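Pasting input_28.cif here (mmCIF, C-alpha atoms, pLDDT in the B column; chains and numbers go by the auth columns):
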data_entry
#
loop_
_atom_site.group_PDB
_atom_site.id
_atom_site.type_symbol
_atom_site.label_atom_id
_atom_site.label_comp_id
_atom_site.label_asym_id
_atom_site.label_seq_id
_atom_site.Cartn_x
_atom_site.Cartn_y
_atom_site.Cartn_z
_atom_site.B_iso_or_equiv
_atom_site.auth_seq_id
_atom_site.auth_asym_id
ATOM 1 C CA MET A 1 0.000 0.000 0.000 51.00 25 A
ATOM 2 C CA LYS A 2 2.858 2.407 0.830 48.00 26 A
ATOM 3 C CA THR A 3 4.532 1.593 -2.521 54.00 27 A
ATOM 4 C CA GLN A 4 1.368 2.476 -4.442 51.00 28 A
ATOM 5 C CA THR A 5 1.100 5.807 -2.610 51.00 29 A
ATOM 6 C CA ALA A 6 4.736 6.604 -3.431 52.00 30 A
ATOM 7 C CA LYS A 7 4.152 5.833 -7.132 53.00 31 A
ATOM 8 C CA LEU A 8 1.082 8.094 -7.168 51.00 32 A
ATOM 9 C CA GLY A 9 3.149 10.894 -5.663 57.00 33 A
ATOM 10 C CA ILE A 10 5.799 10.527 -8.402 59.00 34 A
ATOM 11 C CA VAL A 11 3.175 10.576 -11.188 52.00 35 A
ATOM 12 C CA ILE A 12 1.419 13.627 -9.721 58.00 36 A
ATOM 13 C CA THR A 13 4.751 15.462 -9.391 59.00 37 A
ATOM 14 C CA ALA A 14 5.629 14.728 -13.031 59.00 38 A
ATOM 15 C CA LEU A 15 2.229 15.951 -14.227 57.00 39 A
ATOM 16 C CA ILE A 16 2.534 19.146 -12.190 61.00 40 A
ATOM 17 C CA VAL A 17 5.953 19.846 -13.752 56.00 41 A
ATOM 18 C CA ALA A 18 4.460 19.232 -17.215 58.00 42 A
ATOM 19 C CA LEU A 19 1.552 21.556 -16.408 57.00 43 A
ATOM 20 C CA ILE A 20 3.875 24.351 -15.283 62.00 44 A
ATOM 21 C CA THR A 21 6.142 23.885 -18.328 59.00 45 A
ATOM 22 C CA ALA A 22 3.199 23.980 -20.742 56.00 46 A
ATOM 23 C CA SER A 23 1.825 27.072 -19.020 60.00 47 A
ATOM 24 C CA VAL A 24 5.142 28.868 -19.333 53.00 48 A
ATOM 25 C CA ILE A 25 5.445 27.968 -23.043 58.00 49 A
ATOM 26 C CA THR A 26 1.901 29.230 -23.678 57.00 50 A
ATOM 27 C CA GLN A 27 2.636 32.523 -21.974 58.00 51 A
ATOM 28 C CA LEU A 28 5.814 32.913 -24.015 53.00 52 A
ATOM 29 C CA ILE A 29 3.995 32.303 -27.307 56.00 53 A
ATOM 30 C CA ILE A 30 1.184 34.711 -26.412 55.00 54 A
ATOM 31 C CA SER A 31 3.736 37.277 -25.326 54.00 55 A
ATOM 32 C CA GLY A 32 5.503 36.810 -28.663 53.00 56 A
ATOM 33 C CA HIS A 33 2.331 37.689 -30.540 48.00 57 A
ATOM 34 C CA GLN A 34 1.622 40.674 -28.378 51.00 58 A
ATOM 35 C CA GLY A 35 5.227 41.812 -28.631 48.00 59 A
ATOM 36 C CA THR A 36 4.722 42.992 -32.193 45.00 60 A
ATOM 37 C CA THR A 37 3.034 46.142 -30.846 45.00 61 A
ATOM 38 C CA ALA A 38 5.578 48.890 -31.247 42.00 62 A
ATOM 39 C CA ALA A 39 6.339 51.413 -28.566 42.00 63 A
ATOM 40 C CA PRO A 40 4.671 54.809 -28.852 44.00 64 A
ATOM 41 C CA ALA A 41 6.222 57.463 -31.029 40.00 65 A
ATOM 42 C CA GLU A 42 9.430 58.864 -29.621 42.00 66 A
ATOM 43 C CA LYS A 43 11.498 61.919 -30.115 42.00 67 A
ATOM 44 C CA ILE A 44 15.091 61.776 -31.352 42.00 68 A
ATOM 45 C CA ARG A 45 17.763 64.461 -31.788 44.00 69 A
ATOM 46 C CA THR A 46 19.086 64.904 -35.360 45.00 70 A
ATOM 47 C CA ASP A 47 22.677 65.701 -36.287 44.00 71 A
ATOM 48 C CA ASN A 48 21.881 69.381 -36.771 44.00 72 A
ATOM 49 C CA GLY A 49 20.509 69.594 -33.176 43.00 73 A
ATOM 50 C CA GLN A 50 16.824 69.833 -34.153 42.00 74 A
ATOM 51 C CA ILE A 51 14.253 67.543 -32.547 42.00 75 A
ATOM 52 C CA GLU A 52 11.894 65.826 -34.942 49.00 76 A
ATOM 53 C CA LEU A 53 8.758 63.986 -33.946 41.00 77 A
ATOM 54 C CA LEU A 54 8.533 60.680 -35.778 40.00 78 A
ATOM 55 C CA GLU A 55 4.810 60.871 -36.202 50.00 79 A
ATOM 56 C CA GLU A 56 4.787 58.800 -39.316 52.00 80 A
ATOM 57 C CA ALA A 57 6.737 55.982 -37.640 45.00 81 A
ATOM 58 C CA GLY A 58 4.352 56.129 -34.714 50.00 82 A
ATOM 59 C CA ARG A 59 1.303 55.878 -36.921 54.00 83 A
ATOM 60 C CA LYS A 60 2.767 52.927 -38.766 49.00 84 A
ATOM 61 C CA ALA A 61 3.688 51.151 -35.534 47.00 85 A
ATOM 62 C CA ASP A 62 0.195 51.759 -34.177 54.00 86 A
ATOM 63 C CA GLY A 63 -1.299 50.219 -37.287 55.00 87 A
ATOM 64 C CA TYR A 64 0.929 47.190 -36.957 47.00 88 A
ATOM 65 C CA GLY A 65 -0.165 46.741 -33.368 50.00 89 A
ATOM 66 C CA LYS A 66 -3.855 46.855 -34.239 52.00 90 A
ATOM 67 C CA ARG A 67 -3.409 44.322 -36.990 51.00 91 A
ATOM 68 C CA ALA A 68 -1.395 42.074 -34.687 45.00 92 A
ATOM 69 C CA THR A 69 -4.099 42.037 -32.022 48.00 93 A
ATOM 70 C CA ALA A 70 -6.714 41.258 -34.684 49.00 94 A
ATOM 71 C CA VAL A 71 -4.854 38.201 -35.923 45.00 95 A
ATOM 72 C CA ALA A 72 -6.304 34.873 -34.723 48.00 96 A
ATOM 73 C CA PRO A 73 -4.223 32.989 -32.152 51.00 97 A
ATOM 74 C CA ASP A 74 -1.610 30.628 -33.520 58.00 98 A
ATOM 75 C CA GLN A 75 -2.687 26.996 -33.786 67.00 99 A
ATOM 76 C CA SER A 76 0.135 25.965 -31.425 68.00 100 A
ATOM 77 C CA VAL A 77 -1.395 28.093 -28.676 68.00 101 A
ATOM 78 C CA VAL A 78 -4.741 26.379 -29.134 72.00 102 A
ATOM 79 C CA ASN A 79 -3.092 22.968 -28.977 73.00 103 A
ATOM 80 C CA LEU A 80 -1.225 23.895 -25.811 68.00 104 A
ATOM 81 C CA GLN A 81 -4.431 25.123 -24.199 73.00 105 A
ATOM 82 C CA LYS A 82 -6.108 21.817 -25.023 72.00 106 A
ATOM 83 C CA GLN A 83 -3.160 19.918 -23.570 68.00 107 A
ATOM 84 C CA LEU A 84 -3.336 22.038 -20.421 71.00 108 A
ATOM 85 C CA GLU A 85 -7.001 21.216 -20.034 73.00 109 A
ATOM 86 C CA GLN A 86 -6.254 17.500 -20.463 70.00 110 A
ATOM 87 C CA VAL A 87 -3.446 17.665 -17.901 65.00 111 A
ATOM 88 C CA GLN A 88 -5.686 19.503 -15.448 69.00 112 A
ATOM 89 C CA GLU A 89 -8.376 16.859 -15.873 70.00 113 A
ATOM 90 C CA ALA A 90 -5.845 14.074 -15.336 67.00 114 A
ATOM 91 C CA LEU A 91 -4.523 15.827 -12.212 66.00 115 A
ATOM 92 C CA SER A 92 -8.034 16.125 -10.876 70.00 116 A
ATOM 93 C CA LEU A 93 -8.653 12.404 -11.366 67.00 117 A
ATOM 94 C CA LEU A 94 -5.313 11.493 -9.772 64.00 118 A
ATOM 95 C CA ALA A 95 -5.996 13.755 -6.811 67.00 119 A
ATOM 96 C CA GLU A 96 -9.359 12.067 -6.305 69.00 120 A
ATOM 97 C CA HIS A 97 -7.767 8.626 -6.531 63.00 121 A
ATOM 98 C CA GLN A 98 -5.021 9.633 -4.105 67.00 122 A
ATOM 99 C CA ALA A 99 -7.619 10.873 -1.630 70.00 123 A
ATOM 100 C CA MET A 100 -9.427 7.536 -1.839 69.00 124 A
ATOM 101 C CA THR A 101 -6.154 5.645 -1.339 69.00 125 A
ATOM 102 C CA GLN A 102 -5.211 7.811 1.638 70.00 126 A
ATOM 103 C CA ASP A 103 -8.628 7.206 3.171 70.00 127 A
ATOM 104 C CA GLN A 104 -8.161 3.452 2.776 67.00 128 A
ATOM 105 C CA LEU A 105 -4.715 3.653 4.405 69.00 129 A
ATOM 106 C CA GLU A 106 -6.110 5.574 7.371 72.00 130 A
ATOM 107 C CA ARG A 107 -8.923 3.067 7.860 71.00 131 A
ATOM 108 C CA PHE A 108 -6.451 0.198 7.626 66.00 132 A
ATOM 109 C CA ALA A 109 -4.168 1.805 10.231 68.00 133 A
ATOM 110 C CA SER A 110 -7.082 2.439 12.613 68.00 134 A
ATOM 111 C CA GLU A 111 -8.436 -1.093 12.437 63.00 135 A
ATOM 112 C CA PRO A 112 -7.131 -3.427 15.168 61.00 136 A
ATOM 113 C CA LYS A 113 -4.726 -5.985 13.869 56.00 137 A
ATOM 114 C CA THR A 114 -6.160 -9.439 13.605 52.00 138 A
ATOM 115 C CA ALA A 115 -4.587 -11.665 16.158 47.00 139 A
ATOM 116 C CA GLN A 116 -2.495 -14.371 14.645 49.00 140 A
ATOM 117 C CA LYS A 117 -3.981 -17.761 14.859 55.00 141 A
ATOM 118 C CA GLU A 118 -2.480 -19.479 17.821 61.00 142 A
ATOM 119 C CA GLN A 119 -0.601 -22.620 17.066 66.00 143 A
ATOM 120 C CA PRO A 120 -1.827 -25.604 19.019 71.00 144 A
ATOM 121 C CA SER A 121 0.491 -26.175 21.944 74.00 145 A
ATOM 122 C CA ALA A 122 2.262 -29.467 22.285 72.00 146 A
ATOM 123 C CA PRO A 123 0.530 -31.811 24.700 81.00 147 A
ATOM 124 C CA GLU A 124 1.925 -31.895 28.206 84.00 148 A
ATOM 125 C CA PRO A 125 4.081 -34.972 28.816 84.00 149 A
ATOM 126 C CA SER A 126 2.504 -37.542 31.076 88.00 150 A
ATOM 127 C CA ALA A 127 3.743 -38.206 34.594 86.00 151 A
ATOM 128 C CA GLU A 128 5.379 -41.385 33.355 87.00 152 A
ATOM 129 C CA ASP A 129 7.223 -39.503 30.619 88.00 153 A
ATOM 130 C CA GLN A 130 8.393 -36.869 33.069 90.00 154 A
ATOM 131 C CA ALA A 131 9.630 -39.511 35.491 88.00 155 A
ATOM 132 C CA ALA A 132 11.491 -41.312 32.712 91.00 156 A
ATOM 133 C CA GLN A 133 13.096 -38.063 31.543 92.00 157 A
ATOM 134 C CA HIS A 134 14.184 -37.168 35.085 92.00 158 A
ATOM 135 C CA ALA A 135 15.626 -40.624 35.614 92.00 159 A
ATOM 136 C CA GLY A 136 17.632 -40.216 32.410 94.00 160 A
ATOM 137 C CA THR A 137 18.983 -36.890 33.648 95.00 161 A
ATOM 138 C CA LEU A 138 20.089 -38.390 36.965 94.00 162 A
ATOM 139 C CA ALA A 139 21.789 -41.295 35.181 95.00 163 A
ATOM 140 C CA SER A 140 23.637 -38.878 32.919 95.00 164 A
ATOM 141 C CA LEU A 141 24.831 -36.847 35.909 96.00 165 A
ATOM 142 C CA GLN A 142 26.017 -39.979 37.677 96.00 166 A
ATOM 143 C CA SER A 143 28.018 -41.056 34.615 95.00 167 A
ATOM 144 C CA ARG A 144 29.647 -37.653 34.327 95.00 168 A
ATOM 145 C CA LEU A 145 30.520 -37.582 38.032 96.00 169 A
ATOM 146 C CA GLU A 146 32.203 -40.973 37.783 95.00 170 A
ATOM 147 C CA ALA A 147 34.260 -39.820 34.800 95.00 171 A
ATOM 148 C CA GLU A 148 35.161 -36.458 36.317 94.00 172 A
ATOM 149 C CA ALA A 149 38.534 -35.841 37.915 94.00 173 A
ATOM 150 C CA VAL A 150 38.375 -34.953 41.614 96.00 174 A
ATOM 151 C CA ASP A 151 39.285 -31.487 42.819 96.00 175 A
ATOM 152 C CA GLY A 152 40.322 -32.576 46.316 95.00 176 A
ATOM 153 C CA GLN A 153 40.305 -29.163 47.941 97.00 177 A
ATOM 154 C CA TRP A 154 36.929 -28.109 46.554 96.00 178 A
ATOM 155 C CA ALA A 155 35.365 -31.514 47.244 96.00 179 A
ATOM 156 C CA SER A 156 36.538 -31.537 50.871 96.00 180 A
ATOM 157 C CA ASP A 157 35.470 -27.958 51.549 96.00 181 A
ATOM 158 C CA THR A 158 32.036 -28.500 49.981 96.00 182 A
ATOM 159 C CA ILE A 159 31.245 -31.635 51.959 96.00 183 A
ATOM 160 C CA SER A 160 32.406 -30.022 55.214 96.00 184 A
ATOM 161 C CA ARG A 161 30.254 -26.970 54.589 95.00 185 A
ATOM 162 C CA ILE A 162 27.173 -29.141 53.946 95.00 186 A
ATOM 163 C CA GLU A 163 27.771 -31.222 57.079 95.00 187 A
ATOM 164 C CA ASN A 164 28.080 -28.060 59.158 95.00 188 A
ATOM 165 C CA SER A 165 24.884 -26.612 57.719 94.00 189 A
ATOM 166 C CA LEU A 166 22.944 -29.687 58.809 95.00 190 A
ATOM 167 C CA GLN A 167 23.816 -28.828 62.407 94.00 191 A
ATOM 168 C CA HIS A 168 21.391 -25.923 62.227 94.00 192 A
ATOM 169 C CA SER A 169 18.495 -26.228 64.653 93.00 193 A
ATOM 170 C CA GLU A 170 15.996 -25.860 61.823 93.00 194 A
ATOM 171 C CA LEU A 171 17.415 -28.939 60.104 94.00 195 A
ATOM 172 C CA THR A 172 17.092 -31.340 62.984 92.00 196 A
ATOM 173 C CA GLY A 173 16.350 -34.886 61.776 93.00 197 A
ATOM 174 C CA ILE A 174 17.974 -34.492 58.326 95.00 198 A
ATOM 175 C CA GLN A 175 21.148 -36.527 58.022 95.00 199 A
ATOM 176 C CA LEU A 176 23.839 -36.724 55.329 96.00 200 A
ATOM 177 C CA THR A 177 24.356 -40.425 54.608 96.00 201 A
ATOM 178 C CA ASP A 178 26.690 -40.256 51.589 96.00 202 A
ATOM 179 C CA ALA A 179 28.574 -37.583 49.646 96.00 203 A
ATOM 180 C CA ARG A 180 30.874 -37.633 46.642 96.00 204 A
ATOM 181 C CA CYS A 181 32.289 -34.682 44.710 96.00 205 A
ATOM 182 C CA GLY A 182 34.386 -34.416 41.583 96.00 206 A
ATOM 183 C CA ALA A 183 35.584 -31.097 40.129 96.00 207 A
ATOM 184 C CA THR A 184 32.261 -29.426 39.195 96.00 208 A
ATOM 185 C CA LEU A 185 29.581 -31.801 40.536 97.00 209 A
ATOM 186 C CA CYS A 186 28.609 -33.417 43.852 97.00 210 A
ATOM 187 C CA ARG A 187 26.230 -36.270 44.663 97.00 211 A
ATOM 188 C CA LEU A 188 24.571 -36.188 48.100 96.00 212 A
ATOM 189 C CA GLU A 189 22.308 -38.690 49.803 96.00 213 A
ATOM 190 C CA MET A 190 20.261 -37.566 52.796 96.00 214 A
ATOM 191 C CA ALA A 191 17.832 -39.322 55.139 95.00 215 A
ATOM 192 C CA LEU A 192 14.684 -37.301 55.845 95.00 216 A
ATOM 193 C CA PRO A 193 12.725 -37.558 59.115 93.00 217 A
ATOM 194 C CA ALA A 194 10.149 -40.346 58.983 91.00 218 A
ATOM 195 C CA ASP A 195 7.663 -38.399 61.107 91.00 219 A
ATOM 196 C CA GLU A 196 7.514 -35.490 58.702 92.00 220 A
ATOM 197 C CA ALA A 197 6.276 -35.118 55.147 92.00 221 A
ATOM 198 C CA PRO A 198 9.203 -34.958 52.679 92.00 222 A
ATOM 199 C CA GLY A 199 7.962 -31.610 51.416 92.00 223 A
ATOM 200 C CA GLU A 200 8.294 -30.018 54.835 93.00 224 A
ATOM 201 C CA SER A 201 11.817 -31.359 55.329 93.00 225 A
ATOM 202 C CA LEU A 202 12.894 -30.184 51.902 93.00 226 A
ATOM 203 C CA GLY A 203 11.372 -26.765 52.576 93.00 227 A
ATOM 204 C CA ARG A 204 13.515 -26.359 55.700 93.00 228 A
ATOM 205 C CA LEU A 205 16.571 -27.599 53.830 93.00 229 A
ATOM 206 C CA SER A 206 16.087 -25.130 50.976 91.00 230 A
ATOM 207 C CA VAL A 207 16.294 -22.242 53.461 92.00 231 A
ATOM 208 C CA HIS A 208 19.370 -23.397 55.366 91.00 232 A
ATOM 209 C CA ARG A 209 21.220 -25.526 52.835 89.00 233 A
ATOM 210 C CA GLY A 210 25.011 -25.345 52.744 91.00 234 A
ATOM 211 C CA TRP A 211 25.484 -24.915 48.960 93.00 235 A
ATOM 212 C CA ASP A 212 24.616 -22.331 46.322 90.00 236 A
ATOM 213 C CA GLY A 213 24.974 -24.118 42.992 91.00 237 A
ATOM 214 C CA ALA A 214 22.301 -25.446 40.649 93.00 238 A
ATOM 215 C CA THR A 215 20.512 -28.485 42.044 95.00 239 A
ATOM 216 C CA THR A 216 18.360 -31.382 40.911 95.00 240 A
ATOM 217 C CA MET A 217 16.983 -34.028 43.241 93.00 241 A
ATOM 218 C CA GLU A 218 14.789 -37.065 43.699 94.00 242 A
ATOM 219 C CA VAL A 219 13.019 -38.373 46.804 93.00 243 A
ATOM 220 C CA GLY A 220 12.707 -42.129 47.158 89.00 244 A
ATOM 221 C CA ALA A 221 9.872 -44.096 48.712 83.00 245 A
ATOM 222 C CA ASN A 222 12.070 -44.939 51.705 85.00 246 A
ATOM 223 C CA GLY A 223 12.371 -41.273 52.698 86.00 247 A
ATOM 224 C CA GLU A 224 15.866 -40.788 51.280 93.00 248 A
ATOM 225 C CA ALA A 225 16.642 -37.808 49.100 95.00 249 A
ATOM 226 C CA LEU A 226 19.235 -37.840 46.322 96.00 250 A
ATOM 227 C CA PHE A 227 20.825 -34.526 45.292 97.00 251 A
ATOM 228 C CA TYR A 228 23.140 -33.539 42.462 97.00 252 A
ATOM 229 C CA ILE A 229 24.593 -30.080 42.985 96.00 253 A
ATOM 230 C CA ALA A 230 26.804 -28.055 40.659 96.00 254 A
ATOM 231 C CA ARG A 231 29.856 -26.119 41.708 95.00 255 A
ATOM 232 C CA THR A 232 29.249 -22.388 41.970 93.00 256 A
ATOM 233 C CA GLY A 233 29.947 -20.834 38.548 93.00 257 A
ATOM 234 C CA TYR A 234 28.939 -23.989 36.627 95.00 258 A
ATOM 235 C CA ASP A 235 25.667 -25.488 35.482 93.00 259 A
ATOM 236 C CA LEU A 236 24.605 -29.095 35.971 93.00 260 A
ATOM 237 C CA GLU A 237 26.045 -29.973 32.562 91.00 261 A
ATOM 238 C CA GLY A 238 29.491 -28.898 33.724 90.00 262 A
ATOM 239 C CA ARG A 239 29.545 -25.744 31.596 91.00 263 A
ATOM 240 C CA MET A 240 31.032 -22.608 33.084 91.00 264 A
ATOM 241 C CA ILE A 241 28.432 -19.895 33.587 87.00 265 A
ATOM 242 C CA THR A 242 29.440 -16.578 32.006 73.00 266 A
ATOM 243 C CA GLN A 243 28.237 -13.718 34.140 59.00 267 A
ATOM 244 C CA SER A 244 27.458 -10.422 32.421 46.00 268 A
ATOM 245 C CA PRO A 245 29.425 -7.448 33.784 43.00 269 A
ATOM 246 C CA GLN A 246 27.553 -5.344 36.312 42.00 270 A
#
Here is a file; write its structure as structure tokens.
Amino acid sequence: MKTQTAKLGIVITALIVALITASVITQLIISGHQGTTAAPAEKIRTDNGQIELLEEAGRKADGYGKRATAVAPDQSVVNLQKQLEQVQEALSLLAEHQAMTQDQLERFASEPKTAQKEQPSAPEPSAEDQAAQHAGTLASLQSRLEAEAVDGQWASDTISRIENSLQHSELTGIQLTDARCGATLCRLEMALPADEAPGESLGRLSVHRGWDGATTMEVGANGEALFYIARTGYDLEGRMITQSPQ
């Protein structure tokens, strides 16, 4: 729609230039015909110092002027006038068409855009599919931990910090039963209190836990919780996390 409006503007501009050019040419031709009228009689000074009135020249010039004004307009002037009328008619039609196009553009801009048809969302995976996917993730993490070299200092410090955090009064009843760390990943096993719902125990642990890295977990039917935690600055896939500058 914008392209059509731009083309209309170019055509209208060209026609206006043609109209002005034709008008100028017409005026020049008419002026040429009228220019044959001589100036009124004038006085000149002769060689002997006497001033003579050129009455005869004036009369002749006046006669030429009258005959010139009586002559019918040149055919070229008539043709140009016809062309001007045609151009004016074409400009009028183009202006009307442009107004209609502009009106359509304004209505189109004011109308609310039709919402795109929503694509049907993929069906939610079933509980069985989710469980199978999570089990695959845990197995992959276990394989990577077994193949990962051990950073002794980091592993020792991390396990000690977790053991100390479990001494908090809010974490009474939660016990660390097994821990293993490599260089970027740790595997923790914890026993949750039998007299408390697992959700409540995990809620207390999330507030006072002794690690900060990304975590995934699974709670077994026997009340034991399995955790895989990533080293700070890494994700669970072992990739270093790039932090944007502050």
Could you check which of A:Arg131, A:Arg228, A:Arg211, A:His158 is closest to Ser189 in chain A, using all atoms listed in the file?
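Closest to Ser189 in chain A of all the choices is A:Arg228.
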Polymer residues at most 9 Å from Glu261 in chain A, all atoms listed in the file, same-chain spacing of 5 or more positions, as JSON, numbers by chain
{"A": [165, 168, 209, 254]}
For C-alpha atoms, I'd like the residues from the last selection saved as an mmCIF file, keeping the file's coordinate frame.
data_model
loop_
_atom_site.group_PDB
_atom_site.id
_atom_site.type_symbol
_atom_site.label_atom_id
_atom_site.label_comp_id
_atom_site.auth_asym_id
_atom_site.auth_seq_id
_atom_site.Cartn_x
_atom_site.Cartn_y
_atom_site.Cartn_z
ATOM 1 C CA LEU A 165 24.831 -36.847 35.909
ATOM 2 C CA ARG A 168 29.647 -37.653 34.327
ATOM 3 C CA LEU A 209 29.581 -31.801 40.536
ATOM 4 C CA ALA A 254 26.804 -28.055 40.659
#
Please write the residues picked by the PyMOL selection byres ((chain A and resi 198) around 7) on this file as a ChimeraX atom specification.
/A:190,195-197,199-200,214-217
Might I get the box with edges along x, y and z of the file that holds all atoms of range 245-248 of chain A listed there, padded by 6 Å on every side, given as centre and edge lengths in Å to one decimal, as lines of an AutoDock Vina configuration file?
center_x = 12.9
center_y = -42.9
center_z = 50.7
size_x = 18.0
size_y = 16.2
size_z = 16.0
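Ranking A:Glu172, A:Asp236, A:Glu130, A:Glu242 by their shortest atom-to-atom distance to Tyr258 in chain A, with only C-alpha atoms included, puts A:Asp236 first.
Near Glu213 in chain A, within a cut-off of 8 Å and counting only C-alpha atoms, sit the residues Leu200, Thr201, Asp202, Ala203, Glu248, Ala249, Leu250 and Phe251 of chain A, with same-chain residues fewer than 5 positions away left out.
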How far is it from CA of Ala163 in chain A to CA of Asn188 in chain A, in Å with one decimal?
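CA of Asn188 in chain A lies 28.1 Å from CA of Ala163 in chain A.
Residues surrounding Ala238 in chain A within 9 Å are A:Tyr252, A:Ile253, A:Ala254, A:Arg255, A:Thr256, A:Tyr258, A:Asp259, A:Leu260 [only C-alpha atoms; sequence separation below 6 positions excluded].
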Quick check, in Å to one decimal: how far apart do CA of Gly206 in chain A and CA of Leu226 in chain A lie?
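These two atoms are separated by 24.2 Å.
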From A:Thr208, A:Thr239, A:Gln154, A:Ser164, residue lying nearest Gln177 in chain A [all atoms listed in the file]:
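Checking each of A:Thr208, A:Thr239, A:Gln154, A:Ser164 against Gln177 in chain A, counting all atoms listed in the file, the winner is A:Thr208.
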Could you tell me how far CA of Gly227 in chain A sits from CA of Thr240 in chain A, in Å to one decimal place?
14.4 Å
Might you pull out every residue within 8 Å of Ile186 in chain A, with all atoms listed in the file counted and same-chain residues fewer than 4 positions away left off, and present them as a PDB file with C-alpha atoms, in the coordinates of the input?
ATOM      1  CA  THR A 182      32.036 -28.500  49.981  1.00 96.00           C
ATOM      2  CA  LEU A 190      22.944 -29.687  58.809  1.00 95.00           C
ATOM      3  CA  ARG A 233      21.220 -25.526  52.835  1.00 89.00           C
ATOM      4  CA  GLY A 234      25.011 -25.345  52.744  1.00 91.00           C
ATOM      5  CA  TRP A 235      25.484 -24.915  48.960  1.00 93.00           C
TER       6      TRP A 235
END
Take range 230-262 of chain A from the block and save it with C-alpha atoms, as a tab-separated table (two decimals), in the first residue's frame.
chain	number	residue	atom	x	y	z
A	230	SER	CA	16.09	-25.13	50.98
A	231	VAL	CA	16.29	-22.24	53.46
A	232	HIS	CA	19.37	-23.40	55.37
A	233	ARG	CA	21.22	-25.53	52.83
A	234	GLY	CA	25.01	-25.34	52.74
A	235	TRP	CA	25.48	-24.92	48.96
A	236	ASP	CA	24.62	-22.33	46.32
A	237	GLY	CA	24.97	-24.12	42.99
A	238	ALA	CA	22.30	-25.45	40.65
A	239	THR	CA	20.51	-28.48	42.04
A	240	THR	CA	18.36	-31.38	40.91
A	241	MET	CA	16.98	-34.03	43.24
A	242	GLU	CA	14.79	-37.06	43.70
A	243	VAL	CA	13.02	-38.37	46.80
A	244	GLY	CA	12.71	-42.13	47.16
A	245	ALA	CA	9.87	-44.10	48.71
A	246	ASN	CA	12.07	-44.94	51.71
A	247	GLY	CA	12.37	-41.27	52.70
A	248	GLU	CA	15.87	-40.79	51.28
A	249	ALA	CA	16.64	-37.81	49.10
A	250	LEU	CA	19.24	-37.84	46.32
A	251	PHE	CA	20.82	-34.53	45.29
A	252	TYR	CA	23.14	-33.54	42.46
A	253	ILE	CA	24.59	-30.08	42.99
A	254	ALA	CA	26.80	-28.05	40.66
A	255	ARG	CA	29.86	-26.12	41.71
A	256	THR	CA	29.25	-22.39	41.97
A	257	GLY	CA	29.95	-20.83	38.55
A	258	TYR	CA	28.94	-23.99	36.63
A	259	ASP	CA	25.67	-25.49	35.48
A	260	LEU	CA	24.61	-29.10	35.97
A	261	GLU	CA	26.05	-29.97	32.56
A	262	GLY	CA	29.49	-28.90	33.72
